[in-house]
Amino acid sequence: MAKKIVRIDMSELVATYENVPEKWSRWAGRGLTSAIVVDEVDPTCHPLGPNNKIVIAPGWVTGSPAAPSSGRTSFGGKSPLTGTIKETNSGGLSGQKIAKLGIAAIIIEGMPKNDKWYSIFISKDGVEFEEVGGLVGKGMYEVDELMWEKYPNKPAVIGIGQAGEMKLSNAGISVNDPENEPGRYAGRGGLGAVMGVRGVKAIVIDDKGGPGVEIADKDLFTQGRKKLTAAITEHALTKKDGGLHAFGTNVLMNIINEAGGLPTRNFSAGQFEGAAKISGEAVAENINERGGVGTTDHPCHPGCIIKCSSIYPDEKGNPFVSVLEYETAWALGANCGIDDIEYVAKMTRECNDIGLDTIEAGNTIAVAMDGGYLEFGDKEGAFKTFDEIRKGTPLGRIFGQGVEATAKAFGVYRVPTVKGQSMPAYEPRAIKGIGVTYATSTMGADHTSGYTIAPEIAGVGGKVDPLSNADKAELSLTFQAATAFIDCTGYCLFIAFPILDIAEGWAGMAESVAGVTGMDVTGDDVIAMGKEVLKMERLFNEAAGFTPEDDRLPEFMRDEALPPHNVKWTMADEVLDKVYAWVHED
Amino acid sequence: MKVEIRVFATLRRYLPELGIGEARIMEIEPGTSMGDIQEAIGLPADEVKIIMCNNLNVEPDVIAQDGDRITYIPAVAGG
């Protein structure tokens with residue numbers, strides 16, 4: 001059975017199943033959300049207006065049997081935070097269940113005429129709408145719990161917290177994990193607000209009895225997934241008891257600190273004296289000491305073999321928060337001068353409940369601290385800001401708009417953003433390649449768009465000097481293109497680490513895609529197909545009014561030397577302009 | 001002369017007496033390389049992916065200097 005597009009019109013509360021048109025048929029995941037947004041969303045539209053849409057798509061291999069770590073779901077639309085196109089993807093339960101229902105993408109458009117709130121239930125029998133006024137004002141922990149009480153088959157729950165209801169630019173979209181916790185976020189860029197505009201509080205996906213994912217060439221698929229699985233289980237980073245499994249992504253805290261690239265106290269230094277206390281090692285120690293449900297052996301979706309996730313328990317061993325990512329611990333910790341992991345965990349839970357991106361939330365508090373609202377390190381004060389957001393006080397609404405709005409409100413010059421989105425946990429003055437990615441990505445400042453940290457810091461996929469400007473435009477573009485492809489597959493981006501080092505794994509990834517889809521795809525096509533996705537996105541942004549002058553890091557990074565290396569951002573504008581010059585040349 | 005040695009993540013089990021981020025102060029002879037120190041403290045070569053000295057990536061044959069802050073790092077990445 002050919003896959004379908006499910007188009008949901010919230011103005012009329014009608015859902016229609018459409019065949020996938022030829023022009024979109026090559027794509028899944030990010031490629032499909034971006035293709036649909038490019039075709040159906042006016043680049044000049046207001047992100048919170050009637051002409052924006054939310055598009056949800058699993059990857060090519062998502063939902064296929066035994067494709068390792070392949071449960072990603074892409075969410076697309078025009079971003080209220082950046083004004084650019086946005087694709088933000090998440091783990092959790094949603095991708096596999098959407099795919100197993102035979103759905104290529106869900107497009108949500110229109111706005112309810114009556115200002116009411118709805119849940120959307122999607123199963124093999126179709127789409128049902130339900131008015132859910134009783135869920136309004138509730139956080140995602142309660143929403144997830146109520147949805148599992150109402151729907152028996154442990155469905156995926158895609159939802160928004162209070163931030164999305166208030167249409168705040170830092171509102172993310174939550175996806176539940178196998179324990180029905182709301183810690184998986186398509187967090188960046190404010191798409192939770194776009195879902196809120198559509199009047200959708202929750203989307204519930206029950207795949208029971210669904211047709212499953214068709215495999216065009218089972219032998220090729222099996223060959224590919226086995227090669228990929230071997231690479232993941234062999235590589236020191238992703239194997240059982242390797243760095244990601246034992247310590248999660250927060251294995252990086254001490255390392256990036258050691259490299260002098262850990263943004264500290266609103267990007268005013270590259271090292272934090274309290275890094276060890278909020279590191280992955282500290283988290284793992286607490287988990288192991290507390291016992292109970294605490295574990296570092298946790299998949300965010302069924303079938304993940306990397307298992308970088310964990311469950312952080314409270315002192316009695318009861319569930320508290322999942323998961324304390326590196327970016328999260330950095331944003332709410334080092335960047336705010338906070339070295340107390342318990343407060344980092346408490347604030348992470350607040351973000352997960354209210355529906356906020358943790359990176360933007362931490363950066364927002366840090367900017368407010370820089371503006372004198374709080375002292376750096378004031379963990380009590382930082383924690384209280386989340387209740388302001390939850391209640392929708394005027395101050396909370398400013399914080400909920402993210403870094404740029406907050407910086408204006410507090411008169412701050414040190415504003416670590418590109419295209420309106422704040423930077424993640426790698427200092428571009430000390431790690432130049434990631435700065436090129438921040439500057440030029442189609443998504444605003446985003447590390448996952450082109451993770452040059454792999455060769456610049458970790459020695460994965462080669463070794464290059466992080467402090468050198470040389471060849472970083474080419475490096476960033478290669479990573480951006482490879483990432484765009486992987487974001488179409490449905491595989492977790494972390495498969496990139498083993499397959500950058502193990503060529504068989506790279507080939508296996510492409511073969512598994514070819515096996516599922518029947519397309520003629522090999523490892524040699526990855527960069528070219530990734531560039532096709534980047535080109536679509538770049539042209540959308542150009543039509544929305546973005547120019548090469550928007551591909552710049554903030555002025556303060558050229559003016560202020562960052563300790564300990566005492567380096568400034570010195571990349572020439574011409575180098576940045578070169579990264580996407582091919583869009584108009586090819 | 002003396003150097004500071006730190007290990008992180010999966011390499012911590014080889015220096016279990018150190019708390020997270022704590023350093024072992026080690027007396028070394030002039031001419032000792034990063035690789036020599038790695039061997040002396042018992043870190044398997046196949047588990048050390050990166051060596052940093054004073055916040056910079058270095059190769060194993062680099063000679064340590066008095067007061068160096070030296071860090072041995074296994075395979076890491078994430079984000």
# chains A, B, ... in the order shown; residues from 1 in each chain; ligands from 1

$ select_by_dssp --residues "stretch 383-563 of chain A" --states "strand (DSSP E)" --output "ChimeraX atom specification"
/A:417-418,421-422

$ write_last_selection --atoms "all heavy atoms" --output "tab-separated table (two decimals), in the first residue's frame"
chain	number	residue	atom	x	y	z
A	417	THR	N	23.28	35.11	19.18
A	417	THR	CA	22.30	34.55	18.25
A	417	THR	C	22.76	34.69	16.80
A	417	THR	O	23.58	35.56	16.48
A	417	THR	CB	20.93	35.26	18.36
A	417	THR	OG1	21.13	36.65	18.07
A	417	THR	CG2	20.34	35.11	19.75
A	418	VAL	N	22.20	33.85	15.95
A	418	VAL	CA	22.27	34.04	14.50
A	418	VAL	C	20.86	33.83	13.96
A	418	VAL	O	20.22	32.84	14.29
A	418	VAL	CB	23.23	33.05	13.82
A	418	VAL	CG1	23.24	33.28	12.30
A	418	VAL	CG2	24.64	33.17	14.38
A	421	GLN	N	18.14	32.85	16.52
A	421	GLN	CA	18.22	31.63	17.34
A	421	GLN	C	19.56	31.60	18.07
A	421	GLN	O	20.60	31.85	17.48
A	421	GLN	CB	18.07	30.38	16.46
A	421	GLN	CG	18.13	29.07	17.24
A	421	GLN	CD	17.64	27.88	16.44
A	421	GLN	OE1	16.45	27.76	16.17
A	421	GLN	NE2	18.55	27.01	16.04
A	422	SER	N	19.51	31.25	19.36
A	422	SER	CA	20.73	31.34	20.16
A	422	SER	C	21.63	30.12	19.96
A	422	SER	O	21.18	29.04	19.60
A	422	SER	CB	20.40	31.52	21.63
A	422	SER	OG	19.69	30.41	22.12

$ interface_residues --of "chain B" --to "chain A" --cutoff "8 Å" --atoms "only C-alpha atoms" --output "VMD selection string"
chain B and resid 8 to 10 20 to 21 47 49 to 50 52 55 to 57 71 73 to 79

$ atom_distance --atom1 "atom CA of A:Gly210" --atom2 "atom CA of A:Lys227"
28.3 Å

$ residues_around --residues "A:Met10" --least-positions-apart "5" --cutoff "6 Å" --atoms "only C-alpha atoms" --output "PyMOL selection string"
chain A and resi 110-112

$ residues_around --residues "stretch 12-29 of chain A" --least-positions-apart "4" --cutoff "9 Å" --atoms "only C-alpha atoms" --output "short mmCIF file (atom, residue, chain, number, x, y, z; two decimals) with N, CA, C and O atoms, in the first residue's frame"
data_model
loop_
_atom_site.label_atom_id
_atom_site.label_comp_id
_atom_site.auth_asym_id
_atom_site.auth_seq_id
_atom_site.Cartn_x
_atom_site.Cartn_y
_atom_site.Cartn_z
N ALA A 2 0.63 2.10 -0.97
CA ALA A 2 1.46 3.31 -1.05
C ALA A 2 1.20 4.21 0.15
O ALA A 2 0.09 4.28 0.66
N LYS A 3 2.26 4.88 0.58
CA LYS A 3 2.12 5.78 1.72
C LYS A 3 1.25 6.98 1.36
O LYS A 3 1.13 7.37 0.21
N LYS A 4 0.64 7.55 2.39
CA LYS A 4 -0.29 8.67 2.19
C LYS A 4 0.19 9.92 2.92
O LYS A 4 0.91 9.84 3.92
N ILE A 5 -0.28 11.05 2.41
CA ILE A 5 -0.18 12.31 3.14
C ILE A 5 -1.52 12.51 3.86
O ILE A 5 -2.57 12.40 3.23
N VAL A 6 -1.46 12.80 5.14
CA VAL A 6 -2.69 13.13 5.87
C VAL A 6 -2.74 14.64 6.04
O VAL A 6 -1.88 15.23 6.70
N ARG A 7 -3.74 15.23 5.40
CA ARG A 7 -3.87 16.69 5.48
C ARG A 7 -5.00 17.03 6.46
O ARG A 7 -6.14 16.58 6.29
N ILE A 8 -4.67 17.80 7.47
CA ILE A 8 -5.64 18.11 8.52
C ILE A 8 -5.93 19.61 8.50
O ILE A 8 -5.02 20.43 8.69
N THR A 33 9.56 17.38 4.98
CA THR A 33 8.95 18.57 5.64
C THR A 33 9.39 19.84 4.91
O THR A 33 8.58 20.74 4.68
N SER A 34 10.66 19.90 4.52
CA SER A 34 11.12 21.12 3.85
C SER A 34 10.51 21.26 2.46
O SER A 34 10.13 22.36 2.05
N ALA A 35 10.39 20.15 1.73
CA ALA A 35 9.77 20.23 0.40
C ALA A 35 8.33 20.72 0.49
O ALA A 35 7.88 21.54 -0.31
N ILE A 36 7.60 20.21 1.48
CA ILE A 36 6.19 20.61 1.62
C ILE A 36 6.09 22.08 2.06
O ILE A 36 5.27 22.85 1.53
N ILE A 56 4.71 17.14 9.69
CA ILE A 56 5.34 16.11 10.53
C ILE A 56 5.65 14.90 9.66
O ILE A 56 4.75 14.39 8.97
N ALA A 57 6.91 14.45 9.69
CA ALA A 57 7.26 13.33 8.80
C ALA A 57 8.32 12.43 9.43
O ALA A 57 9.35 12.92 9.88
N PRO A 58 8.07 11.13 9.44
CA PRO A 58 9.13 10.19 9.83
C PRO A 58 10.12 10.01 8.68
O PRO A 58 9.85 10.42 7.56
N GLY A 59 11.27 9.40 8.98
CA GLY A 59 12.30 9.23 7.96
C GLY A 59 12.05 8.05 7.06
O GLY A 59 11.08 7.29 7.23
N TRP A 60 12.96 7.88 6.08
CA TRP A 60 12.82 6.78 5.11
C TRP A 60 12.72 5.42 5.78
O TRP A 60 11.91 4.59 5.40
N VAL A 61 13.60 5.18 6.75
CA VAL A 61 13.66 3.82 7.33
C VAL A 61 12.90 3.71 8.64
O VAL A 61 12.80 2.63 9.21
N ARG A 72 13.50 8.77 14.47
CA ARG A 72 13.35 10.24 14.48
C ARG A 72 12.08 10.67 13.76
O ARG A 72 11.65 10.06 12.77
N THR A 73 11.52 11.77 14.24
CA THR A 73 10.40 12.43 13.59
C THR A 73 10.81 13.87 13.28
O THR A 73 11.29 14.58 14.16
N SER A 74 10.60 14.29 12.04
CA SER A 74 10.89 15.67 11.65
C SER A 74 9.63 16.52 11.74
O SER A 74 8.54 16.06 11.37
N PHE A 75 9.79 17.74 12.23
CA PHE A 75 8.70 18.72 12.28
C PHE A 75 9.16 19.94 11.49
O PHE A 75 10.27 20.43 11.69
N ASN A 89 13.97 17.97 14.72
CA ASN A 89 13.54 16.58 14.85
C ASN A 89 13.74 16.03 16.24
O ASN A 89 14.53 16.56 17.03
N ALA A 104 3.23 9.08 5.21
CA ALA A 104 4.49 9.73 4.85
C ALA A 104 4.64 11.06 5.57
O ALA A 104 5.75 11.43 5.98
N ALA A 105 3.54 11.78 5.70
CA ALA A 105 3.60 13.08 6.39
C ALA A 105 2.20 13.49 6.83
O ALA A 105 1.20 13.10 6.23
N GLY A 110 -4.61 25.70 8.68
CA GLY A 110 -5.83 26.36 9.13
C GLY A 110 -5.82 26.65 10.62
O GLY A 110 -4.88 26.30 11.34
N MET A 111 -6.88 27.30 11.08
CA MET A 111 -7.02 27.65 12.49
C MET A 111 -8.49 27.49 12.86
O MET A 111 -9.36 27.83 12.08
N PRO A 112 -8.77 26.99 14.07
CA PRO A 112 -10.18 26.85 14.46
C PRO A 112 -10.87 28.21 14.45
O PRO A 112 -10.27 29.22 14.81
N LYS A 113 -12.13 28.17 14.01
CA LYS A 113 -12.87 29.43 13.92
C LYS A 113 -13.38 29.89 15.28
O LYS A 113 -13.82 31.01 15.45
N GLY A 126 -8.45 6.10 10.91
CA GLY A 126 -8.60 7.47 10.45
C GLY A 126 -8.26 8.49 11.52
O GLY A 126 -7.52 8.20 12.47
N VAL A 127 -8.84 9.68 11.35
CA VAL A 127 -8.51 10.83 12.20
C VAL A 127 -9.75 11.27 12.95
O VAL A 127 -10.82 11.42 12.37
N GLU A 128 -9.60 11.45 14.26
CA GLU A 128 -10.71 11.95 15.08
C GLU A 128 -10.27 13.23 15.79
O GLU A 128 -9.15 13.31 16.28
N PHE A 129 -11.20 14.18 15.83
CA PHE A 129 -10.94 15.43 16.54
C PHE A 129 -11.74 15.44 17.84
O PHE A 129 -12.87 14.96 17.87
N ILE A 486 21.07 12.60 6.51
CA ILE A 486 20.75 11.73 7.65
C ILE A 486 19.40 12.15 8.26
O ILE A 486 18.62 11.30 8.70
N ASP A 487 19.13 13.44 8.25
CA ASP A 487 17.84 13.93 8.77
C ASP A 487 16.66 13.46 7.92
O ASP A 487 15.51 13.56 8.35
N CYS A 488 16.92 13.01 6.71
CA CYS A 488 15.86 12.41 5.88
C CYS A 488 15.66 10.93 6.20
O CYS A 488 14.59 10.37 5.93
N THR A 489 16.70 10.29 6.71
CA THR A 489 16.64 8.83 6.86
C THR A 489 15.75 8.39 8.01
O THR A 489 15.20 7.29 7.99
N GLY A 490 15.67 9.24 9.04
CA GLY A 490 15.02 8.81 10.27
C GLY A 490 15.99 8.23 11.28
O GLY A 490 15.64 7.99 12.42
N THR A 517 13.20 2.02 0.28
CA THR A 517 12.48 2.89 -0.65
C THR A 517 12.47 2.39 -2.09
O THR A 517 11.62 2.81 -2.88
N MET A 519 14.74 3.27 -4.05
CA MET A 519 15.48 4.28 -4.81
C MET A 519 16.92 3.80 -5.04
O MET A 519 17.45 3.01 -4.27
#

$ closest_residue --among "A:Ser70, A:Ser174, A:Thr570, A:Thr233" --to "A:Ala99" --atoms "only C-alpha atoms"
A:Ser70

$ closest_residue --among "A:Phe399, A:Val533, A:Thr62, A:Ala481" --to "A:Thr437" --atoms "only C-alpha atoms"
A:Ala481

$ residues_around --residues "B:Pro60" --least-positions-apart "3" --cutoff "8 Å" --atoms "only C-alpha atoms" --output "PyMOL selection string"
chain B and resi 33-36+51

$ closest_residue --among "A:Asn51, A:Gln162, A:Thr358, A:Ser11" --to "A:Gly77" --atoms "only C-alpha atoms"
A:Asn51

$ residues_around --residues "A:Val567" --least-positions-apart "3" --cutoff "12 Å" --atoms "only C-alpha atoms" --output "mmCIF file with all heavy atoms, in the first residue's frame"
data_model
loop_
_atom_site.group_PDB
_atom_site.id
_atom_site.type_symbol
_atom_site.label_atom_id
_atom_site.label_comp_id
_atom_site.auth_asym_id
_atom_site.auth_seq_id
_atom_site.Cartn_x
_atom_site.Cartn_y
_atom_site.Cartn_z
ATOM 1 N N GLY A 260 38.618 24.623 26.133
ATOM 2 C CA GLY A 260 38.451 26.074 26.225
ATOM 3 C C GLY A 260 37.314 26.585 25.366
ATOM 4 O O GLY A 260 37.272 27.762 25.010
ATOM 5 N N GLY A 261 36.367 25.711 25.040
ATOM 6 C CA GLY A 261 35.272 26.101 24.153
ATOM 7 C C GLY A 261 33.905 26.000 24.793
ATOM 8 O O GLY A 261 32.896 25.907 24.081
ATOM 9 N N SER A 268 30.975 34.740 27.896
ATOM 10 C CA SER A 268 32.037 35.679 28.256
ATOM 11 C C SER A 268 33.346 34.968 28.576
ATOM 12 O O SER A 268 34.363 35.622 28.783
ATOM 13 C CB SER A 268 31.599 36.542 29.452
ATOM 14 O OG SER A 268 31.364 35.731 30.586
ATOM 15 N N ALA A 269 33.334 33.637 28.648
ATOM 16 C CA ALA A 269 34.555 32.857 28.879
ATOM 17 C C ALA A 269 34.364 31.484 28.244
ATOM 18 O O ALA A 269 33.233 31.084 27.948
ATOM 19 C CB ALA A 269 34.844 32.720 30.372
ATOM 20 N N GLY A 270 35.489 30.782 28.078
ATOM 21 C CA GLY A 270 35.441 29.471 27.427
ATOM 22 C C GLY A 270 35.658 28.312 28.377
ATOM 23 O O GLY A 270 35.741 27.162 27.944
ATOM 24 N N GLU A 427 31.719 27.195 21.790
ATOM 25 C CA GLU A 427 32.106 28.577 21.545
ATOM 26 C C GLU A 427 32.735 28.716 20.162
ATOM 27 O O GLU A 427 33.777 28.114 19.903
ATOM 28 C CB GLU A 427 33.114 29.019 22.610
ATOM 29 C CG GLU A 427 32.717 30.229 23.388
ATOM 30 C CD GLU A 427 32.517 31.503 22.586
ATOM 31 O OE1 GLU A 427 32.954 31.570 21.429
ATOM 32 O OE2 GLU A 427 31.901 32.427 23.152
ATOM 33 N N PRO A 428 32.112 29.481 19.284
ATOM 34 C CA PRO A 428 32.658 29.556 17.922
ATOM 35 C C PRO A 428 33.997 30.275 17.827
ATOM 36 O O PRO A 428 34.725 30.060 16.864
ATOM 37 C CB PRO A 428 31.569 30.316 17.159
ATOM 38 C CG PRO A 428 30.798 31.061 18.193
ATOM 39 C CD PRO A 428 30.859 30.222 19.435
ATOM 40 N N ARG A 429 34.327 31.103 18.832
ATOM 41 C CA ARG A 429 35.647 31.739 18.779
ATOM 42 C C ARG A 429 36.762 30.717 19.022
ATOM 43 O O ARG A 429 37.871 30.868 18.530
ATOM 44 C CB ARG A 429 35.737 32.871 19.813
ATOM 45 C CG ARG A 429 34.999 34.131 19.384
ATOM 46 C CD ARG A 429 34.834 35.117 20.525
ATOM 47 N NE ARG A 429 33.809 34.674 21.479
ATOM 48 C CZ ARG A 429 33.387 35.394 22.522
ATOM 49 N NH1 ARG A 429 33.924 36.588 22.756
ATOM 50 N NH2 ARG A 429 32.435 34.941 23.315
ATOM 51 N N ALA A 430 36.457 29.671 19.791
ATOM 52 C CA ALA A 430 37.465 28.655 20.109
ATOM 53 C C ALA A 430 37.349 27.422 19.209
ATOM 54 O O ALA A 430 38.266 26.607 19.179
ATOM 55 C CB ALA A 430 37.331 28.236 21.573
ATOM 56 N N ILE A 431 36.218 27.282 18.515
ATOM 57 C CA ILE A 431 36.006 26.130 17.621
ATOM 58 C C ILE A 431 35.393 26.708 16.341
ATOM 59 O O ILE A 431 34.181 26.871 16.216
ATOM 60 C CB ILE A 431 35.073 25.084 18.277
ATOM 61 C CG1 ILE A 431 35.497 24.788 19.728
ATOM 62 C CG2 ILE A 431 35.066 23.796 17.446
ATOM 63 C CD1 ILE A 431 34.518 23.930 20.522
ATOM 64 N N LYS A 432 36.270 27.041 15.398
ATOM 65 C CA LYS A 432 35.863 27.920 14.285
ATOM 66 C C LYS A 432 34.862 27.271 13.326
ATOM 67 O O LYS A 432 33.983 27.940 12.793
ATOM 68 C CB LYS A 432 37.094 28.355 13.489
ATOM 69 C CG LYS A 432 38.218 28.966 14.302
ATOM 70 C CD LYS A 432 37.867 30.314 14.886
ATOM 71 C CE LYS A 432 39.112 30.965 15.484
ATOM 72 N NZ LYS A 432 38.786 32.191 16.250
ATOM 73 N N PRO A 466 40.849 23.110 15.901
ATOM 74 C CA PRO A 466 39.641 23.923 16.139
ATOM 75 C C PRO A 466 39.903 25.423 16.093
ATOM 76 O O PRO A 466 38.990 26.192 15.774
ATOM 77 C CB PRO A 466 39.191 23.488 17.548
ATOM 78 C CG PRO A 466 40.399 22.879 18.192
ATOM 79 C CD PRO A 466 41.193 22.280 17.071
ATOM 80 N N LEU A 467 41.125 25.841 16.393
ATOM 81 C CA LEU A 467 41.420 27.275 16.473
ATOM 82 C C LEU A 467 41.783 27.888 15.126
ATOM 83 O O LEU A 467 41.919 29.100 15.005
ATOM 84 C CB LEU A 467 42.562 27.517 17.469
ATOM 85 C CG LEU A 467 42.183 27.257 18.929
ATOM 86 C CD1 LEU A 467 43.430 27.108 19.790
ATOM 87 C CD2 LEU A 467 41.289 28.360 19.464
ATOM 88 N N SER A 468 41.956 27.036 14.110
ATOM 89 C CA SER A 468 42.348 27.541 12.791
ATOM 90 C C SER A 468 41.107 27.846 11.944
ATOM 91 O O SER A 468 40.117 27.124 11.980
ATOM 92 C CB SER A 468 43.195 26.482 12.079
ATOM 93 O OG SER A 468 43.316 26.802 10.709
ATOM 94 N N ASN A 469 41.193 28.935 11.155
ATOM 95 C CA ASN A 469 40.114 29.268 10.222
ATOM 96 C C ASN A 469 40.189 28.445 8.932
ATOM 97 O O ASN A 469 39.216 28.389 8.179
ATOM 98 C CB ASN A 469 40.192 30.743 9.827
ATOM 99 C CG ASN A 469 39.691 31.669 10.930
ATOM 100 O OD1 ASN A 469 39.009 31.238 11.854
ATOM 101 N ND2 ASN A 469 40.035 32.944 10.834
ATOM 102 N N MET A 557 31.508 39.045 19.233
ATOM 103 C CA MET A 557 32.486 37.966 19.089
ATOM 104 C C MET A 557 33.705 38.402 18.265
ATOM 105 O O MET A 557 34.764 37.785 18.349
ATOM 106 C CB MET A 557 31.829 36.733 18.482
ATOM 107 C CG MET A 557 30.850 36.100 19.459
ATOM 108 S SD MET A 557 30.216 34.525 18.930
ATOM 109 C CE MET A 557 29.562 33.914 20.497
ATOM 110 N N ARG A 558 33.540 39.454 17.488
ATOM 111 C CA ARG A 558 34.700 40.038 16.794
ATOM 112 C C ARG A 558 35.450 41.008 17.695
ATOM 113 O O ARG A 558 36.618 41.318 17.457
ATOM 114 C CB ARG A 558 34.241 40.780 15.530
ATOM 115 C CG ARG A 558 33.799 39.860 14.415
ATOM 116 C CD ARG A 558 33.722 40.605 13.090
ATOM 117 N NE ARG A 558 33.341 39.714 12.001
ATOM 118 C CZ ARG A 558 34.203 38.944 11.317
ATOM 119 N NH1 ARG A 558 35.485 38.979 11.595
ATOM 120 N NH2 ARG A 558 33.770 38.156 10.364
ATOM 121 N N ASP A 559 34.773 41.531 18.728
ATOM 122 C CA ASP A 559 35.370 42.569 19.582
ATOM 123 C C ASP A 559 36.009 42.014 20.845
ATOM 124 O O ASP A 559 36.988 42.552 21.343
ATOM 125 C CB ASP A 559 34.295 43.578 20.017
ATOM 126 C CG ASP A 559 33.769 44.394 18.856
ATOM 127 O OD1 ASP A 559 34.439 44.406 17.810
ATOM 128 O OD2 ASP A 559 32.693 45.003 18.998
ATOM 129 N N GLU A 560 35.415 40.965 21.409
ATOM 130 C CA GLU A 560 35.839 40.488 22.728
ATOM 131 C C GLU A 560 36.646 39.200 22.599
ATOM 132 O O GLU A 560 36.183 38.232 22.005
ATOM 133 C CB GLU A 560 34.602 40.233 23.610
ATOM 134 C CG GLU A 560 33.791 41.484 23.884
ATOM 135 C CD GLU A 560 32.557 41.219 24.749
ATOM 136 O OE1 GLU A 560 32.373 40.072 25.210
ATOM 137 O OE2 GLU A 560 31.791 42.171 24.959
ATOM 138 N N ALA A 561 37.845 39.201 23.180
ATOM 139 C CA ALA A 561 38.694 38.001 23.165
ATOM 140 C C ALA A 561 38.210 37.035 24.235
ATOM 141 O O ALA A 561 37.919 37.434 25.361
ATOM 142 C CB ALA A 561 40.145 38.378 23.403
ATOM 143 N N LEU A 562 38.135 35.770 23.852
ATOM 144 C CA LEU A 562 37.578 34.742 24.741
ATOM 145 C C LEU A 562 38.703 33.988 25.459
ATOM 146 O O LEU A 562 39.535 33.347 24.810
ATOM 147 C CB LEU A 562 36.753 33.748 23.914
ATOM 148 C CG LEU A 562 36.078 32.652 24.733
ATOM 149 C CD1 LEU A 562 34.744 33.153 25.276
ATOM 150 C CD2 LEU A 562 35.886 31.394 23.899
ATOM 151 N N PRO A 563 38.733 34.041 26.794
ATOM 152 C CA PRO A 563 39.694 33.194 27.506
ATOM 153 C C PRO A 563 39.225 31.739 27.494
ATOM 154 O O PRO A 563 38.034 31.508 27.356
ATOM 155 C CB PRO A 563 39.664 33.766 28.937
ATOM 156 C CG PRO A 563 38.338 34.452 29.075
ATOM 157 C CD PRO A 563 37.926 34.872 27.678
ATOM 158 N N PRO A 564 40.108 30.725 27.643
ATOM 159 C CA PRO A 564 41.535 30.854 27.948
ATOM 160 C C PRO A 564 42.427 31.076 26.724
ATOM 161 O O PRO A 564 43.587 31.450 26.880
ATOM 162 C CB PRO A 564 41.864 29.498 28.570
ATOM 163 C CG PRO A 564 40.962 28.547 27.844
ATOM 164 C CD PRO A 564 39.675 29.302 27.645
ATOM 165 N N THR A 570 37.391 35.650 13.780
ATOM 166 C CA THR A 570 38.152 36.359 12.751
ATOM 167 C C THR A 570 37.866 35.850 11.344
ATOM 168 O O THR A 570 38.597 36.167 10.411
ATOM 169 C CB THR A 570 39.669 36.204 13.033
ATOM 170 O OG1 THR A 570 39.959 34.797 13.142
ATOM 171 C CG2 THR A 570 40.071 36.912 14.311
ATOM 172 N N MET A 571 36.818 35.046 11.206
ATOM 173 C CA MET A 571 36.515 34.480 9.886
ATOM 174 C C MET A 571 36.071 35.606 8.938
ATOM 175 O O MET A 571 35.212 36.414 9.281
ATOM 176 C CB MET A 571 35.395 33.450 10.022
ATOM 177 C CG MET A 571 35.220 32.529 8.841
ATOM 178 S SD MET A 571 36.532 31.298 8.701
ATOM 179 C CE MET A 571 36.215 30.262 10.134
#
